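Asker: Please see the structure below; I have some questions.
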Amino acid sequence: MILAYGERMNNGISYEDLVYNPHADRVVRSTGDNHIYWVDPDELNVTTSVASSPLGSWDTRKLAVDPTRGWSYQNTRRFDDQLYLHVPQHDGSLVRLRLGSGHIGLPLAPHDRWMLAVDPGSGVLHMSVGTQMRQVEPIDDTDPGDPSSWAVRDITGAPSLIDYGFVAPGVAVGSLATPIDGSRFAVITIEGTTATVTPIHGIDGPAGTGTFEASYVAETADGHAWLVAGDTAQHVRIDGTTATLIDDPVTLLHPVYSSRSLAADPDTGSLWVADGYLNQVLVNEYRDGLHVGSLVRDQLGAPAVTALTIDGRGGAVVLANDHVFRVGRGTPATPPETAQPPIVIDNGHVDVTPSLLPDGSATLVLHHDGTLDDWWQASDVVFHVRSVPERTYDTTGTIYEDWLGAGEVTYVGPSNFDGLPWLGWSSTYMGRYVESGYPQVRLVEVDGPGDFLMGSLPNPQLASRDLDLVYVPPEHTHQIWMFAEPGVYRLHIAIHAVLNDGTEVEDVDVLTFVIGNDIDPTTVTPGAAAGEPESASQTIVATLDELAGALVISVDPDDRTVELAAPQLAGDGASWATSGELRPVAVTDTRSGAPGWTASGQVSDFAAAGGPSFAGSLLGWEPVVLDQPAGGGVEAGPPVAPGWPDGDGLATARTLASAGVGQGFGTAQLGAALELRLPTQTTPGTYEAVLTFTVM
């Protein structure tokens, strides 16, 4: 059998999901751009849409369809009473209703991990989280905007579930967070407001319920389901509370990371599984105890959790970031290849991400604007950094002179500046392939009119005057990038990593910059200049893991200056003392499994116009957690005294706050009381230093 695809490029970012609506013969698609889309599975074109909530939950089963009415439900996150209803109208439009207590008025307690499933017989919505299960029943279809048209009831006896779905009226199949009688799966029968749990035995698979070994269910409303444990899938038929195993278990080509990546077809009995790694999207079909077909599609930024739903035609619709395509039987339909002109990036948030291509070679991938939509290889991109007064610095007489020479330099970062690129690094994508967690990068060569420096002194990360510097990009950070002269720069960067299988890989990629206003960036060819050698490559095989979500540290670009109080003579009579408050620092962790994190800060030396300076070690702090979600478990780092008269102070990286495994999920606001001690003989003036934050 051959699997084929046709494709449409649709707007979408993370938190996306898909589900098939048999009542309307449409695919319901949610994205992070505030819309629910109805998509024609034949043409893949949007037939109607409605504005929805700003962010959807990345947890499983955030979309559910009532097949008896054609309604769709959506669970969102970071909002109270987050349940939305989308009702189709006779004119083809959709109406959005927010059902919670602040809107329609239903008593729906806020929670960002409700899983949704609809009973196919009654159309009653069931919401499950932990051992809580709640019914939301429409008792009057004519006016769903009237709270009296609904009944909300709590179900007793429900188990703690990882995933679940209905296979018949009043009968669901679930994967269990806590095994019952040695089983990780169970039949859940619901009568009235009482749930009865019957374990399903005979399903083997990896032990544990962690991120990469959790169990999932792909159900159909005809009494059938596929139960997936790790990389083992078993087809079962449910009669009442009895589960009968159909065919032999199937070993999946790749473990499953989310129930969004699974779909079962009631017409053919097939299990469809989507996956993404090594910048590829993989789609596989399993049926009759066998693997019966595959599709492999190269795609930069392919997510490990790829959404998939059946299409009602014996195939599936797949959503991988902003790429939507159908998978079915027939002749392969290859998307047309179009020439890629040079891409000029002259503004916006950009992360440089070490990555692996399908052939196993290492490359630098660029992720633009903080979304998942725009992924490019570095070899296709030219960065344009215009000369603006706010982003120039006179190195004459400062500690930067030895690294960049004396004169005006152009720089970007470390904070956002409208109209220029805001350059950072992220190793989250490659981290799941690398034995040590993150790859290393170093400069091999800088081809340009002047010197280059990344980071703050006295400990730069990369510098043209010291090619021995090695930088390990964390999950996400932003640095200062400094260029000594206007012109075209090509930074040849080596990427080195030891993969999970012990394979060592090192390749060289090129970042291209146009600095200043005198050169048209569209006339510059990205990548290696003419006559320069191409980078070497290796073919590798890797066993891959991934943590969904992201870990981000940020500051408000409009609130990033700390003004210290006027210095007062300290008690020792030999130093000045001053203090101030750090501006808020936000750490946001949306990774599944909440593996924990540590946020740290390190300050550069203080420098004044005209050349005088003093060491950053004279600055100390006492961190504090300003705000965090209830039960977040974030703890402030230990106090660090100013290094007066000797000591390191904040000149070395110090912990601002940390969260252990299972903690730190959501957004925490961090701060610190700052204290500066400096010698009384310090030359009068206004001194500035850069305090750089990282999280990993």
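Ordering of the structure tokens sets the chain letters (A, B, ...); residue numbers start at 1 within each chain; ligands are numbered from 1 in the order shown.
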Kindly provide the residues of region 567-635 of chain A that approach region 459-468 of chain A to within 10 Å, each paired with its closest atom pair and their distance in Å to one decimal, based on only C-alpha atoms, listed by chain and increasing number, as a Markdown table.
Answerer:
```
| residue | atom | partner | partner_atom | distance |
| --- | --- | --- | --- | --- |
| A:Gln602 | CA | A:Asn459 | CA | 9.7 |
| A:Val603 | CA | A:Asn459 | CA | 9.9 |
| A:Ser604 | CA | A:Asn459 | CA | 8.2 |
```
Asker: Could the residues in this selection be written to a file with N, CA and C atoms, as a short mmCIF file (atom, residue, chain, number, x, y, z; two decimals), in the first residue's frame?
Answerer:
```cif
data_model
loop_
_atom_site.label_atom_id
_atom_site.label_comp_id
_atom_site.auth_asym_id
_atom_site.auth_seq_id
_atom_site.Cartn_x
_atom_site.Cartn_y
_atom_site.Cartn_z
N GLN A 602 24.08 36.87 35.88
CA GLN A 602 25.50 37.20 35.95
C GLN A 602 25.67 38.60 35.40
N VAL A 603 26.45 39.45 36.10
CA VAL A 603 26.58 40.84 35.72
C VAL A 603 27.94 41.10 35.10
N SER A 604 27.95 42.04 34.14
CA SER A 604 29.21 42.48 33.55
C SER A 604 29.87 43.50 34.49
#
```
Asker: When DSSP works through the backbone of this structure, what residues of region 398-434 of chain A end up as helix (DSSP H, G or I), shown as a count of residues only?
Answerer: 8
Asker: Would you compute the distance between CA of Pro439 (chain A) and CA of Leu404 (chain A)? Give it in Å to one decimal.
Answerer: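 Between these atoms lies a distance of 26.9 Å.
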Asker: Pick the closest to His478 (chain A) from A:Asp646, A:Glu504, A:Asp351, A:Asp248: which is it, counting only C-alpha atoms?
Answerer: A:Asp351
Asker: How many Å separate CA of Tyr20 (chain A) from CA of Ala51 (chain A)?
Answerer: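 One can read the CA of Tyr20 (chain A) to CA of Ala51 (chain A) distance as 19.2 Å.
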Asker: Hey, which of A:Asn279, A:Thr392, A:Ser215, A:Ser258 ends up closest to Ser355 (chain A)? Count only C-alpha atoms.
Answerer: A:Asn279
Asker: Taking only C-alpha atoms into account, produce a table as CSV in which each residue of region 439-481 of chain A with an atom at most 12 Å from an atom of region 615-634 of chain A appears once, together with its shortest atom pair and the distance in Å to one decimal, ordered by chain and rising number.
Answerer:
```
residue,atom,partner,partner_atom,distance
A:Ser456,CA,A:Gly616,CA,11.2
A:Leu457,CA,A:Gly616,CA,9.8
A:Pro458,CA,A:Gly616,CA,9.2
A:Asn459,CA,A:Gly616,CA,11.5
```
Asker: How would the residues just chosen look if you wrote them out with C-alpha atoms as a PDB file, in the first residue's frame?
Answerer:
```
ATOM      1  CA  SER A 456      29.105  40.357  28.032  1.00  0.00           C
ATOM      2  CA  LEU A 457      32.593  40.770  29.415  1.00  0.00           C
ATOM      3  CA  PRO A 458      34.603  39.604  31.232  1.00  0.00           C
ATOM      4  CA  ASN A 459      33.254  36.207  30.139  1.00  0.00           C
TER       5      ASN A 459
END
```
Asker: Extract the full set of strand (DSSP E or B) residues from region 524-677 of chain A according to DSSP on the backbone, and format it as a PyMOL selection string.
Answerer: chain A and resi 551-555+568-569+575-581+585-589+597-603+606-608+613-614+619-627+635-636+640+654-659+666-677
Asker: Counting only C-alpha atoms, what is within 9 Å of Ser259 (chain A), bar same-chain residues fewer than 2 positions away, as a PyMOL selection string?
Answerer: chain A and resi 60-61+163+215-218+256-257+261-263+305+307
